[in-house]
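Asker: To be precise about what I am sending: the file is called entry14.txt and holds compact mmCIF, C-alpha atoms.
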```
# COMPACT_ATOMS: atom_id res chain seq x y z
CA MET A 1 -68.43 41.27 -93.97
CA LYS A 2 -65.81 38.72 -92.85
CA LYS A 3 -65.81 37.21 -96.32
CA ILE A 4 -65.20 40.59 -97.98
CA GLN A 5 -62.40 41.32 -95.53
CA MET A 6 -60.75 38.00 -96.46
CA LEU A 7 -60.44 39.18 -100.06
CA LEU A 8 -59.11 42.57 -99.04
CA ILE A 9 -56.55 40.99 -96.70
CA SER A 10 -55.52 38.55 -99.42
CA ALA A 11 -54.96 41.39 -101.89
CA ILE A 12 -52.87 43.29 -99.35
CA LEU A 13 -50.83 40.20 -98.55
CA LEU A 14 -50.11 39.80 -102.25
CA THR A 15 -48.27 43.12 -102.50
CA VAL A 16 -46.35 42.34 -99.31
CA LEU A 17 -45.23 38.88 -100.34
CA LEU A 18 -44.13 40.00 -103.78
CA SER A 19 -41.97 42.67 -102.20
CA GLY A 20 -39.73 40.05 -100.65
CA CYS A 21 -39.70 37.17 -103.13
CA LYS A 22 -36.46 35.50 -104.16
CA GLY A 23 -35.28 32.69 -106.37
CA GLU A 24 -33.73 32.00 -109.76
CA MET A 25 -36.52 33.21 -112.01
CA ALA A 26 -36.36 35.16 -115.28
CA VAL A 27 -37.82 38.16 -113.46
CA SER A 28 -36.23 39.80 -110.43
CA SER A 29 -38.01 40.62 -107.18
CA GLU A 30 -37.46 44.32 -107.89
CA GLU A 31 -39.21 44.02 -111.28
CA ILE A 32 -42.12 42.16 -109.70
CA VAL A 33 -42.59 44.88 -107.08
CA SER A 34 -42.48 47.62 -109.71
CA ASN A 35 -44.96 45.83 -111.96
CA VAL A 36 -47.35 44.98 -109.14
CA LEU A 37 -47.51 48.55 -107.86
CA SER A 38 -47.94 50.07 -111.32
CA ALA A 39 -50.54 47.48 -112.36
CA LYS A 40 -52.56 47.92 -109.18
CA GLU A 41 -52.64 51.69 -109.63
CA ASN A 42 -54.14 51.29 -113.12
CA ASN A 43 -57.50 50.40 -111.53
CA LEU A 44 -57.94 47.00 -113.17
CA SER A 45 -61.48 46.21 -114.31
CA TYR A 46 -62.64 42.61 -114.06
CA TYR A 47 -65.41 40.13 -113.40
CA GLY A 48 -64.60 37.10 -111.27
CA GLU A 49 -66.17 34.04 -109.72
CA GLY A 50 -64.67 31.83 -107.08
CA VAL A 51 -64.89 30.09 -103.74
CA MET A 52 -63.76 31.00 -100.22
CA LYS A 53 -63.36 28.11 -97.81
CA LEU A 54 -62.31 27.80 -94.17
CA THR A 55 -61.43 24.39 -92.69
CA ALA A 56 -60.42 23.25 -89.22
CA ASN A 57 -59.07 19.76 -88.57
CA ASP A 58 -60.07 18.88 -92.16
CA ASP A 59 -63.70 19.83 -91.44
CA VAL A 60 -65.17 22.61 -93.58
CA THR A 61 -66.44 25.35 -91.25
CA GLU A 62 -67.29 27.99 -93.87
CA ASN A 63 -67.81 27.55 -97.61
CA PHE A 64 -68.85 30.48 -99.77
CA GLY A 65 -69.09 31.15 -103.47
CA PHE A 66 -68.70 34.70 -104.73
CA LYS A 67 -69.21 36.84 -107.81
CA GLU A 68 -67.16 40.01 -108.03
CA TYR A 69 -67.71 43.01 -110.32
CA VAL A 70 -65.01 45.71 -110.40
CA ALA A 71 -65.00 48.74 -112.74
CA GLU A 72 -62.08 50.96 -113.72
CA ASP A 73 -63.60 53.91 -111.86
CA GLY A 74 -63.47 51.95 -108.57
CA LYS A 75 -67.08 50.81 -108.36
CA ARG A 76 -67.43 47.33 -106.87
CA LYS A 77 -70.13 44.79 -106.25
CA MET A 78 -69.82 41.41 -104.59
CA ILE A 79 -72.46 38.70 -104.29
CA THR A 80 -71.60 36.02 -101.72
CA THR A 81 -73.50 32.74 -101.44
CA ASP A 82 -73.30 30.38 -98.47
CA LEU A 83 -72.94 27.05 -100.26
CA THR A 84 -74.49 25.14 -97.35
CA ASN A 85 -77.86 26.92 -97.46
CA ASN A 86 -77.71 29.13 -100.61
CA HIS A 87 -78.15 32.26 -98.46
CA GLU A 88 -76.97 35.33 -100.41
CA SER A 89 -75.34 38.55 -99.24
CA TYR A 90 -74.67 41.66 -101.29
CA ALA A 91 -72.14 44.47 -100.93
CA LEU A 92 -71.93 47.47 -103.26
CA ASN A 93 -69.49 50.39 -103.40
CA ASP A 94 -70.83 52.83 -106.01
CA GLY A 95 -68.28 55.52 -105.22
CA ASN A 96 -70.71 57.53 -103.11
CA GLN A 97 -71.69 54.96 -100.52
CA ILE A 98 -71.30 51.34 -99.48
CA ILE A 99 -74.50 49.32 -99.13
CA SER A 100 -74.69 45.82 -97.65
CA TYR A 101 -77.75 43.59 -97.62
CA GLU A 102 -78.57 39.97 -96.81
CA THR A 103 -81.53 38.23 -98.41
CA GLY A 104 -84.44 37.85 -95.99
CA SER A 105 -83.22 40.64 -93.73
CA GLU A 106 -85.48 43.54 -92.80
CA LYS A 107 -82.57 45.97 -92.86
CA ALA A 108 -79.77 47.01 -95.17
CA PHE A 109 -76.85 49.20 -94.09
CA SER A 110 -75.10 52.08 -95.82
CA ILE A 111 -71.90 54.01 -95.22
CA ASP A 112 -71.50 57.47 -96.72
CA LEU A 113 -68.28 57.90 -98.76
CA SER A 114 -68.93 61.48 -99.89
CA GLY A 115 -66.66 62.85 -97.18
CA GLU A 116 -63.65 60.79 -96.23
CA GLU A 117 -63.50 57.29 -97.70
CA LEU A 118 -62.98 54.20 -95.60
CA PRO A 119 -59.33 53.07 -95.46
CA ALA A 120 -60.19 49.62 -96.89
CA PHE A 121 -61.44 51.23 -100.10
CA SER A 122 -59.13 54.24 -100.38
CA ALA A 123 -55.68 53.02 -99.32
CA SER A 124 -53.22 52.87 -102.19
CA PRO A 125 -51.19 49.70 -102.83
CA LYS A 126 -48.11 51.43 -101.43
CA GLU A 127 -50.00 52.36 -98.25
CA GLN A 128 -51.33 48.82 -97.95
CA LEU A 129 -47.80 47.53 -98.51
CA MET A 130 -46.33 49.67 -95.75
CA THR A 131 -49.10 48.72 -93.31
CA MET A 132 -48.76 44.98 -93.83
CA PHE A 133 -45.02 44.88 -94.29
CA GLY A 134 -44.46 46.01 -90.74
CA ALA A 135 -46.46 43.03 -89.50
CA ILE A 136 -44.85 40.30 -91.61
CA LYS A 137 -41.39 41.33 -92.80
CA GLU A 138 -39.63 39.96 -89.72
CA THR A 139 -41.66 36.76 -89.45
CA HIS A 140 -41.59 35.06 -92.89
CA ASP A 141 -39.12 33.85 -95.48
CA TYR A 142 -40.29 34.31 -99.11
CA GLU A 143 -39.54 32.45 -102.31
CA ILE A 144 -40.85 31.93 -105.83
CA ILE A 145 -41.73 28.24 -106.18
CA GLY A 146 -42.18 28.31 -109.95
CA GLU A 147 -44.38 29.17 -112.90
CA GLU A 148 -47.72 27.38 -113.40
CA LYS A 149 -50.99 27.55 -115.36
CA LEU A 150 -54.33 28.50 -113.74
CA LEU A 151 -57.45 29.44 -115.74
CA ASP A 152 -55.24 29.49 -118.86
CA LEU A 153 -53.15 32.20 -117.19
CA ASP A 154 -49.39 32.10 -116.68
CA VAL A 155 -48.97 32.52 -112.94
CA TYR A 156 -46.15 32.74 -110.44
CA HIS A 157 -46.49 30.45 -107.41
CA LEU A 158 -45.08 32.19 -104.34
CA LYS A 159 -44.66 30.82 -100.83
CA ALA A 160 -44.13 32.58 -97.50
CA THR A 161 -42.93 30.39 -94.64
CA PRO A 162 -42.86 31.67 -91.04
CA TYR A 163 -39.54 31.55 -89.26
CA LYS A 164 -41.19 29.79 -86.32
CA ASP A 165 -44.44 28.00 -85.47
CA GLY A 166 -47.32 30.03 -84.07
CA SER A 167 -47.32 32.88 -86.60
CA PHE A 168 -50.88 34.17 -86.89
CA LEU A 169 -50.56 34.26 -90.71
CA GLY A 170 -48.99 30.80 -90.88
CA GLU A 171 -47.67 29.31 -94.12
CA ILE A 172 -48.96 31.16 -97.19
CA ASP A 173 -49.13 30.17 -100.86
CA ILE A 174 -50.18 32.62 -103.55
CA TRP A 175 -50.65 32.18 -107.29
CA VAL A 176 -50.47 35.49 -109.19
CA ASP A 177 -51.08 36.27 -112.87
CA GLN A 178 -47.86 37.40 -114.54
CA LYS A 179 -49.57 39.96 -116.80
CA THR A 180 -52.07 41.66 -114.51
CA TRP A 181 -50.47 40.70 -111.16
CA PHE A 182 -53.89 39.58 -110.00
CA MET A 183 -54.18 37.02 -107.18
CA VAL A 184 -55.82 33.94 -108.70
CA LYS A 185 -55.44 31.64 -105.69
CA PHE A 186 -54.52 32.07 -102.03
CA ILE A 187 -53.98 29.49 -99.26
CA SER A 188 -53.01 30.16 -95.64
CA VAL A 189 -52.38 27.32 -93.18
CA VAL A 190 -52.15 28.03 -89.44
CA GLY A 191 -51.93 24.85 -87.38
CA ASP A 192 -55.01 22.79 -88.18
CA ALA A 193 -56.82 25.75 -89.76
CA LYS A 194 -56.74 26.49 -93.49
CA SER A 195 -58.10 29.49 -95.40
CA GLU A 196 -58.51 29.30 -99.18
CA VAL A 197 -59.59 31.78 -101.84
CA GLU A 198 -59.61 30.56 -105.45
CA TYR A 199 -61.06 32.06 -108.61
CA SER A 200 -62.77 29.69 -111.04
CA LEU A 201 -63.46 32.37 -113.68
CA LEU A 202 -61.79 35.68 -114.53
CA ASP A 203 -62.65 38.17 -117.26
CA PHE A 204 -60.30 41.16 -117.53
CA SER A 205 -62.31 42.75 -120.37
CA PRO A 206 -65.84 42.84 -118.91
CA ASN A 207 -68.66 44.77 -120.54
CA PHE A 208 -70.71 45.95 -117.57
CA GLU A 209 -74.21 47.32 -118.06
CA GLU A 210 -75.18 50.52 -116.24
CA SER A 211 -77.43 48.52 -113.91
CA THR A 212 -74.55 46.29 -112.77
CA PHE A 213 -73.50 48.61 -109.97
CA SER A 214 -76.86 48.83 -108.23
CA LEU A 215 -78.76 46.66 -105.76
CA ASP A 216 -82.37 45.54 -106.08
CA ILE A 217 -83.41 45.87 -102.43
CA PRO A 218 -87.07 45.15 -101.55
CA GLU A 219 -89.15 48.26 -100.83
CA ASP A 220 -90.02 47.10 -97.31
CA VAL A 221 -86.33 46.87 -96.32
CA THR A 222 -85.05 49.82 -94.27
CA ILE A 223 -81.63 51.17 -95.26
CA THR A 224 -79.90 52.30 -92.08
CA PRO A 225 -76.93 54.72 -92.38
CA ILE A 226 -73.86 53.89 -90.36
CA ASP A 227 -71.40 56.59 -89.43
CA SER A 228 -68.22 55.82 -91.37
CA ASP A 229 -65.98 56.24 -88.34
CA LEU A 230 -68.37 54.20 -86.16
CA GLY A 231 -68.20 56.92 -83.50
CA SER A 232 -64.61 56.12 -82.52
CA THR A 233 -62.73 58.42 -80.17
CA TYR A 234 -59.58 58.13 -78.08
CA GLY A 235 -59.32 58.83 -74.39
CA THR A 236 -58.18 57.58 -71.01
CA VAL A 237 -59.02 54.41 -69.12
CA GLU A 238 -61.36 56.53 -67.02
CA ASP A 239 -63.12 57.78 -70.16
CA ALA A 240 -63.51 54.19 -71.35
CA GLN A 241 -64.90 53.07 -68.00
CA THR A 242 -67.49 55.86 -68.17
CA ALA A 243 -68.48 54.93 -71.73
CA LEU A 244 -68.81 51.24 -70.81
CA GLU A 245 -70.69 52.21 -67.63
CA GLU A 246 -68.62 49.83 -65.50
CA PRO A 247 -64.99 48.96 -64.70
CA PHE A 248 -63.14 46.44 -66.86
CA LEU A 249 -59.97 44.36 -66.59
CA VAL A 250 -56.62 45.89 -67.56
CA PHE A 251 -53.04 44.62 -67.34
CA ALA A 252 -51.26 45.72 -64.18
CA GLY A 253 -47.53 46.22 -63.58
CA ASP A 254 -44.72 47.55 -65.76
CA GLU A 255 -44.55 44.63 -68.20
CA ASN A 256 -47.30 46.07 -70.39
CA THR A 257 -47.96 49.80 -70.62
CA ILE A 258 -51.06 51.36 -72.17
CA GLU A 259 -50.28 53.16 -75.43
CA ASN A 260 -53.82 54.17 -76.36
CA VAL A 261 -57.48 53.60 -75.50
CA GLU A 262 -60.09 53.61 -78.26
CA ILE A 263 -63.81 54.03 -77.53
CA THR A 264 -66.18 52.92 -80.28
CA ASN A 265 -69.95 53.41 -80.26
CA SER A 266 -71.17 51.17 -83.07
CA GLN A 267 -74.56 51.73 -84.70
CA GLY A 268 -76.87 49.68 -86.85
CA GLU A 269 -76.67 45.88 -86.76
CA ILE A 270 -73.85 45.94 -84.20
CA ASN A 271 -75.21 48.27 -81.56
CA ARG A 272 -72.75 48.41 -78.69
CA THR A 273 -69.96 50.31 -76.96
CA GLU A 274 -66.58 48.65 -77.40
CA ILE A 275 -63.31 49.53 -75.71
CA THR A 276 -59.95 48.68 -77.27
CA VAL A 277 -56.82 49.06 -75.16
CA PHE A 278 -53.46 48.98 -76.96
CA TYR A 279 -50.49 47.74 -74.91
CA MET A 280 -46.74 48.17 -75.45
CA SER A 281 -43.87 46.15 -73.99
CA GLN A 282 -40.33 47.49 -74.33
CA ASP A 283 -41.51 49.92 -77.02
CA ILE A 284 -43.00 47.07 -79.10
CA PRO A 285 -46.77 46.54 -79.60
CA SER A 286 -47.58 43.47 -77.53
CA VAL A 287 -51.34 42.94 -77.11
CA LEU A 288 -54.56 44.79 -77.81
CA VAL A 289 -57.63 43.93 -75.77
CA SER A 290 -61.18 44.71 -76.87
CA VAL A 291 -63.97 44.76 -74.30
CA PHE A 292 -67.74 44.93 -74.67
CA LYS A 293 -70.77 43.57 -72.87
CA THR A 294 -71.17 39.80 -73.26
CA PRO A 295 -73.58 39.18 -76.16
CA LYS A 296 -76.84 37.48 -75.21
CA GLU A 297 -77.76 36.18 -78.67
CA SER A 298 -77.94 32.42 -79.10
CA GLY A 299 -74.93 30.88 -80.81
CA LEU A 300 -72.44 33.49 -79.58
CA GLU A 301 -71.55 31.71 -76.35
CA ILE A 302 -67.93 30.77 -75.56
CA GLN A 303 -67.59 27.03 -76.13
CA PRO A 304 -65.70 24.88 -73.59
CA GLY A 305 -62.52 23.40 -74.99
CA THR A 306 -58.76 23.33 -74.66
CA TRP A 307 -58.23 26.85 -73.40
CA LYS A 308 -58.84 28.53 -70.03
CA VAL A 309 -58.21 32.18 -69.14
CA ARG A 310 -58.41 33.28 -65.50
CA GLY A 311 -60.29 30.05 -64.83
CA LYS A 312 -62.91 30.80 -67.50
CA ASP A 313 -63.62 28.87 -70.69
CA ALA A 314 -61.85 30.53 -73.60
CA GLU A 315 -61.56 30.21 -77.36
CA PHE A 316 -58.36 30.73 -79.34
CA ASP A 317 -58.54 31.90 -82.96
CA GLU A 318 -55.28 30.87 -84.61
CA PHE A 319 -55.96 32.91 -87.74
CA ILE A 320 -55.89 36.25 -85.90
CA ASN A 321 -53.94 35.00 -82.86
CA ALA A 322 -56.71 35.97 -80.43
CA LEU A 323 -57.98 34.70 -77.07
CA THR A 324 -61.62 35.36 -76.16
CA TRP A 325 -63.33 34.82 -72.80
CA ASP A 326 -66.25 36.15 -70.74
CA GLU A 327 -65.87 37.52 -67.23
CA GLY A 328 -68.11 39.67 -65.05
CA GLY A 329 -70.65 40.27 -67.80
CA LEU A 330 -68.01 41.47 -70.27
CA ARG A 331 -66.41 39.80 -73.27
CA TYR A 332 -62.65 40.17 -73.64
CA THR A 333 -60.64 39.49 -76.80
CA ALA A 334 -56.85 39.71 -76.49
CA ILE A 335 -55.15 39.87 -79.89
CA ILE A 336 -51.44 39.09 -79.78
CA GLN A 337 -49.49 41.61 -81.87
CA ASN A 338 -45.93 40.58 -81.04
CA PRO A 339 -45.14 37.38 -83.02
CA ASP A 340 -42.56 36.42 -80.37
CA LEU A 341 -45.25 36.35 -77.67
CA ALA A 342 -46.71 32.87 -77.17
CA VAL A 343 -50.37 32.36 -76.29
CA GLU A 344 -49.35 30.60 -73.07
CA GLU A 345 -47.43 33.72 -72.01
CA VAL A 346 -50.48 35.90 -72.59
CA ILE A 347 -52.65 33.55 -70.53
CA LYS A 348 -50.12 33.86 -67.71
CA MET A 349 -50.15 37.65 -68.09
CA THR A 350 -53.92 37.78 -67.67
CA GLU A 351 -53.57 36.47 -64.12
CA ASN A 352 -52.19 39.90 -63.20
CA MET A 353 -55.12 41.86 -64.64
CA VAL A 354 -57.04 44.14 -62.29
CA LEU A 355 -60.23 46.16 -62.60
CA SER A 356 -59.76 49.62 -64.07
CA ASN A 357 -61.10 51.30 -60.94
CA GLU A 358 -58.45 49.54 -58.84
CA MET A 359 -55.39 50.75 -60.74
```
Can the structure from this file be put into structure tokens for me?

Answerer:
Amino acid sequence: MKKIQMLLISAILLTVLLSGCKGEMAVSSEEIVSNVLSAKENNLSYYGEGVMKLTANDDVTENFGFKEYVAEDGKRKMITTDLTNNHESYALNDGNQIISYETGSEKAFSIDLSGEELPAFSASPKEQLMTMFGAIKETHDYEIIGEEKLLDLDVYHLKATPYKDGSFLGEIDIWVDQKTWFMVKFISVVGDAKSEVEYSLLDFSPNFEESTFSLDIPEDVTITPIDSDLGSTYGTVEDAQTALEEPFLVFAGDENTIENVEITNSQGEINRTEITVFYMSQDIPSVLVSVFKTPKESGLEIQPGTWKVRGKDAEFDEFINALTWDEGGLRYTAIIQNPDLAVEEVIKMTENMVLSNEM
């Protein structure tokens, strides 16, 4: 699912970046915004192939090929292939449900869309624009670098540069088709980490067969429904402590105040209770902290490295600006929401955390 989310995030970022572009081009930023929004709302149909790659310190950490089928009526199918082992994953949105399946797995998972659709599939471009713009409009400077050719398409090359180092979205380059306003290539660089999405083939006049938007899942595979809202509710710290069946660390003092507490009971492949506490500082979102029981599966351990939190080994994900550590049988992930808040400041803040039953 991370790979699918990368494409969705990239598409959202496209509308945001185009809304603020500048430069001496034949087309104005206002015209670009108008064309992007109108083109997106026409439900473009296409078939595409490409590659998604993640690198850290010039070492490739993830490398996936994908095939994407999108119909005018909103139906979608994506086939993702891990290029290191040829392992394939499938995701299908047929308008009624979303089904995901990995080859060799004994289970597939479905989400019912007959009631209220998931935001990722139902949000309009304008809604996506408003959501993302609030997170990036104060942190990046935008410009149109020039006009180029990709896949025989005339594309605009746009760049977004953060005002200061440490932005969780980093420096972003996007190449967008001038006719369809489709993102053909996307690169984000955050420190030593780079994320790339690039199409190698695009067909904007596909002739899909009726069987295209279906999945051939083996008969012995069980399709497990997942509640579309994942059982999420909102409550108090006390409610969260009850759901988790034990106290957990929270920020103490007046520097960070709790805005909301989300309690999620996930089903299916991810079967756990997760608490997410949203913190505000001076009326600005500062940090959100998710908490769940430390996973016992092999390969999910926190690896020793540069970072320490409360004396524990920690990992820092520059792409989402998140610190993760284990303590007292629980896994904590603190995602920094305020771009002016440095990771070192958050580490210092954690020293003042106390157990929820000691507040």

Asker: So that I can check the surroundings of Pro206 in chain A, please list as a list in words every protein, DNA and RNA residue that reaches within 8 Å of it, counting only C-alpha atoms and ignoring chain neighbours fewer than 2 positions away.

Answerer: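 The residues that qualify are Ser45, Tyr46, Tyr47, Asp203, Phe204 and Phe208 of chain A.
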
Asker: Looking at A:Glu351, A:Asp154, A:Asp317, A:Asp173, which one is nearest to Ile335 in chain A, with distances taken over all atoms listed in the file?

Answerer: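 Comparing A:Glu351, A:Asp154, A:Asp317, A:Asp173 against Ile335 in chain A, the winner is A:Asp317.
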
Asker: If the box runs along x, y and z of the file and leaves 3 Å on each side of range 315-332 of chain A, what are its centre and edge lengths in Å, one decimal, as JSON?

Answerer:
```
{"center_x": -62.3, "center_y": 35.8, "center_z": -76.4, "size_x": 22.7, "size_y": 17.3, "size_z": 28.7}
```

Asker: If we count all atoms listed in the file and set the cut-off at 10 Å, which residues sit around range 50-64 of chain A, ignoring sequence neighbours fewer than 4 positions away in its own chain? Please answer as a PyMOL selection string.

Answerer: chain A and resi 3-4+6-7+68+80-88+184-202

Asker: Grab the CA of Gly170 in chain A to CA of Ser286 in chain A distance for me, in Å with one decimal place.

Answerer: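 Separating CA of Gly170 in chain A from CA of Ser286 in chain A is a distance of 18.5 Å.
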
Asker: Which residues of range 132-217 of chain A sit at most 9 Å from range 89-95 of chain A, using only C-alpha atoms? Give each one's shortest atom pair and distance in Å (one decimal place), in chain and ascending residue order, as JSON lines.

Answerer:
```
{"residue": "A:Phe213", "atom": "CA", "partner": "A:Asp94", "partner_atom": "CA", "distance": 6.4}
{"residue": "A:Ser214", "atom": "CA", "partner": "A:Leu92", "partner_atom": "CA", "distance": 7.1}
{"residue": "A:Leu215", "atom": "CA", "partner": "A:Leu92", "partner_atom": "CA", "distance": 7.3}
```

Asker: Work out how far CA of Met183 in chain A is from CA of Glu147 in chain A, in Å to one decimal.

Answerer: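 Between these atoms lies a distance of 13.8 Å.
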
Asker: How far is it from CA of Pro295 in chain A to CA of Ala342 in chain A, in Å with one decimal?

Answerer: 27.6 Å

Asker: Pick out the closest residue to Glu327 in chain A from this set: A:Lys293, A:Val346, A:Asn352, A:Leu341. Count only C-alpha atoms.

Answerer: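 Under the stated criterion, the closest residue is A:Lys293.
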
Asker: Mind checking which residues fall within 10 Å of range 270-285 of chain A, counting only C-alpha atoms, ignoring those fewer than 5 positions away in the same chain, and posting them as an MDAnalysis selection string?

Answerer: chainID A and resid 231:234 236:237 239:241 243:245 248 250:251 254:265 290:293 295 331:339

Asker: Taking all atoms listed in the file into account, name the residue in A:Lys179, A:Glu171, A:Thr306, A:Asn321 that is nearest to Leu153 in chain A.

Answerer: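 Looking at the shortest contact to Leu153 in chain A, the residue is A:Lys179.
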
Asker: Contacts of Ala160 in chain A at 8 Å or less, counting only C-alpha atoms, minus same-chain residues fewer than 4 places along, as a list in words?

Answerer: Leu17, His140, Asp141, Tyr142, Glu143, Glu171, Ile172 and Asp173 of chain A

Asker: Using only C-alpha atoms, which of A:Gly253, A:Gly74, A:Pro304, A:Gly104 sits nearest Met359 in chain A?

Answerer: A:Gly253

Asker: Using only C-alpha atoms, which of A:Val309, A:Met78, A:Leu44, A:Ala71 sits nearest Thr350 in chain A?

Answerer: A:Val309

Asker: Nearest to Phe316 in chain A: which of A:Glu344, A:Glu297, A:Glu106, A:Glu210 is it, counting all atoms listed in the file?

Answerer: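 Smallest distance to Phe316 in chain A is found for A:Glu344.
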